[in-house]
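Asker: Structure below; questions to follow.
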Amino acid sequence: MHRKALLENVDKIHTTEMGVGRIQKNLGIDDEPVGYCILKLKREDAVVTREGKNYYVTVDGCRITINAGSFTIITAHKI
């Protein structure tokens with residue numbers, strides 16, 4: 001249900017200028033982070049939960065935090 005809501009609004013998913021560096025650093029990637037996170041969200045094995053105002057996408061050894069109202073990727077961490 002939550003995954004469907006995010007996928008229906010995938011064109012709204014974005015991050016802030018500061019978020020770009022934070023996500024890249026936390027995940028250890030050089031890729032463009034919004035596209036990277038969207039690819040992770042689209043994986044069949046992605047598990048999406050909602051806690052309060054945020055969605056949490058857990059997949060492939062990482063957890064991505066997305067604000068449910070603005071669809072802003074706040075952060076992402078390896079788990």
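Chain identifiers are assigned as A, B, and so on, following the order in which chains appear in the structure tokens; residues are numbered from 1 within each chain, and ligands are numbered from 1 in order of appearance.
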Could you go through chain A and tell me which residues DSSP, when run on the backbone, assigns to helix (DSSP H, G or I), listing them as a PyMOL selection string?

Answerer: chain A and resi 2-8+10-12+17-27+33-42

Asker: Save the residues we just selected, C-alpha atoms, as an mmCIF file, in the first residue's frame?

Answerer:
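Final output, saved to out_24.cif:
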```
data_model
loop_
_atom_site.group_PDB
_atom_site.id
_atom_site.type_symbol
_atom_site.label_atom_id
_atom_site.label_comp_id
_atom_site.auth_asym_id
_atom_site.auth_seq_id
_atom_site.Cartn_x
_atom_site.Cartn_y
_atom_site.Cartn_z
ATOM 1 C CA HIS A 2 2.717 2.501 0.979
ATOM 2 C CA ARG A 3 4.971 1.361 -1.855
ATOM 3 C CA LYS A 4 2.117 1.987 -4.289
ATOM 4 C CA ALA A 5 1.649 5.528 -2.935
ATOM 5 C CA LEU A 6 5.337 6.292 -3.478
ATOM 6 C CA LEU A 7 5.389 4.758 -6.954
ATOM 7 C CA GLU A 8 2.307 6.766 -7.961
ATOM 8 C CA VAL A 10 7.644 8.925 -8.136
ATOM 9 C CA ASP A 11 7.886 12.072 -10.279
ATOM 10 C CA LYS A 12 7.608 14.178 -7.096
ATOM 11 C CA GLU A 17 21.063 20.338 -2.061
ATOM 12 C CA MET A 18 22.367 19.251 1.332
ATOM 13 C CA GLY A 19 20.565 15.942 0.988
ATOM 14 C CA VAL A 20 22.525 15.063 -2.152
ATOM 15 C CA GLY A 21 25.859 15.017 -0.327
ATOM 16 C CA ARG A 22 24.443 13.407 2.802
ATOM 17 C CA ILE A 23 22.849 10.520 0.890
ATOM 18 C CA GLN A 24 25.946 9.932 -1.254
ATOM 19 C CA LYS A 25 28.187 9.949 1.828
ATOM 20 C CA ASN A 26 25.935 7.694 3.920
ATOM 21 C CA LEU A 27 25.469 5.119 1.154
ATOM 22 C CA PRO A 33 21.122 10.032 -5.319
ATOM 23 C CA VAL A 34 17.491 10.671 -6.301
ATOM 24 C CA GLY A 35 17.679 8.351 -9.306
ATOM 25 C CA TYR A 36 19.582 5.808 -7.231
ATOM 26 C CA CYS A 37 16.923 5.833 -4.494
ATOM 27 C CA ILE A 38 14.083 5.607 -7.019
ATOM 28 C CA LEU A 39 15.705 2.535 -8.584
ATOM 29 C CA LYS A 40 15.880 0.980 -5.116
ATOM 30 C CA LEU A 41 12.204 1.823 -4.469
ATOM 31 C CA LYS A 42 11.195 0.159 -7.746
#
```

Asker: Within 7 Å of Ile73 of chain A, counting only C-alpha atoms, which residues qualify if same-chain residues fewer than 6 places away don't, as a ChimeraX atom specification?

Answerer: /A:13-15,65-67

Asker: Go ahead and write the residues just picked, N, CA and C atoms, as a PDB file, in the first residue's frame.

Answerer:
```
ATOM      1  N   ILE A  13       9.388  12.776  -6.196  1.00  0.00           N
ATOM      2  CA  ILE A  13      10.473  12.459  -5.276  1.00  0.00           C
ATOM      3  C   ILE A  13      11.708  13.288  -5.638  1.00  0.00           C
ATOM      4  N   HIS A  14      12.256  13.946  -4.623  1.00  0.00           N
ATOM      5  CA  HIS A  14      13.415  14.814  -4.815  1.00  0.00           C
ATOM      6  C   HIS A  14      14.187  14.887  -3.499  1.00  0.00           C
ATOM      7  N   THR A  15      15.283  15.643  -3.494  1.00  0.00           N
ATOM      8  CA  THR A  15      16.002  15.900  -2.256  1.00  0.00           C
ATOM      9  C   THR A  15      16.520  17.326  -2.287  1.00  0.00           C
ATOM     10  N   THR A  65      14.798   7.304   3.892  1.00  0.00           N
ATOM     11  CA  THR A  65      13.732   8.033   4.578  1.00  0.00           C
ATOM     12  C   THR A  65      13.174   9.097   3.646  1.00  0.00           C
ATOM     13  N   ILE A  66      11.863   9.041   3.398  1.00  0.00           N
ATOM     14  CA  ILE A  66      11.198   9.983   2.492  1.00  0.00           C
ATOM     15  C   ILE A  66      10.030  10.634   3.227  1.00  0.00           C
ATOM     16  N   ASN A  67       9.982  11.960   3.231  1.00  0.00           N
ATOM     17  CA  ASN A  67       8.873  12.678   3.850  1.00  0.00           C
ATOM     18  C   ASN A  67       7.596  12.390   3.066  1.00  0.00           C
TER      19      ASN A  67
END
```

Asker: Could you tell me how far atom CA of Gly28 of chain A sits from atom CA of Arg50 of chain A, in Å to one decimal place?

Answerer: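 For atom CA of Arg50 of chain A relative to atom CA of Gly28 of chain A, the distance reads 24.9 Å.
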
Asker: Contacts of Val59 of chain A at 10 Å or less, counting only C-alpha atoms, minus same-chain residues fewer than 3 places along, as a PyMOL selection string?

Answerer: chain A and resi 37+40-48+56+62-64+78-79

Asker: Distance atom CA of Thr16 of chain A-atom CA of Phe71 of chain A, one decimal place?

Answerer: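 Pair atom CA of Thr16 of chain A / atom CA of Phe71 of chain A returns 11.0 Å.
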
Asker: With DSSP run on the backbone, what are the strand (DSSP E) residues within chain A? I'd like them as a PyMOL selection string.

Answerer: chain A and resi 47-51+54-59+62-67+73-78
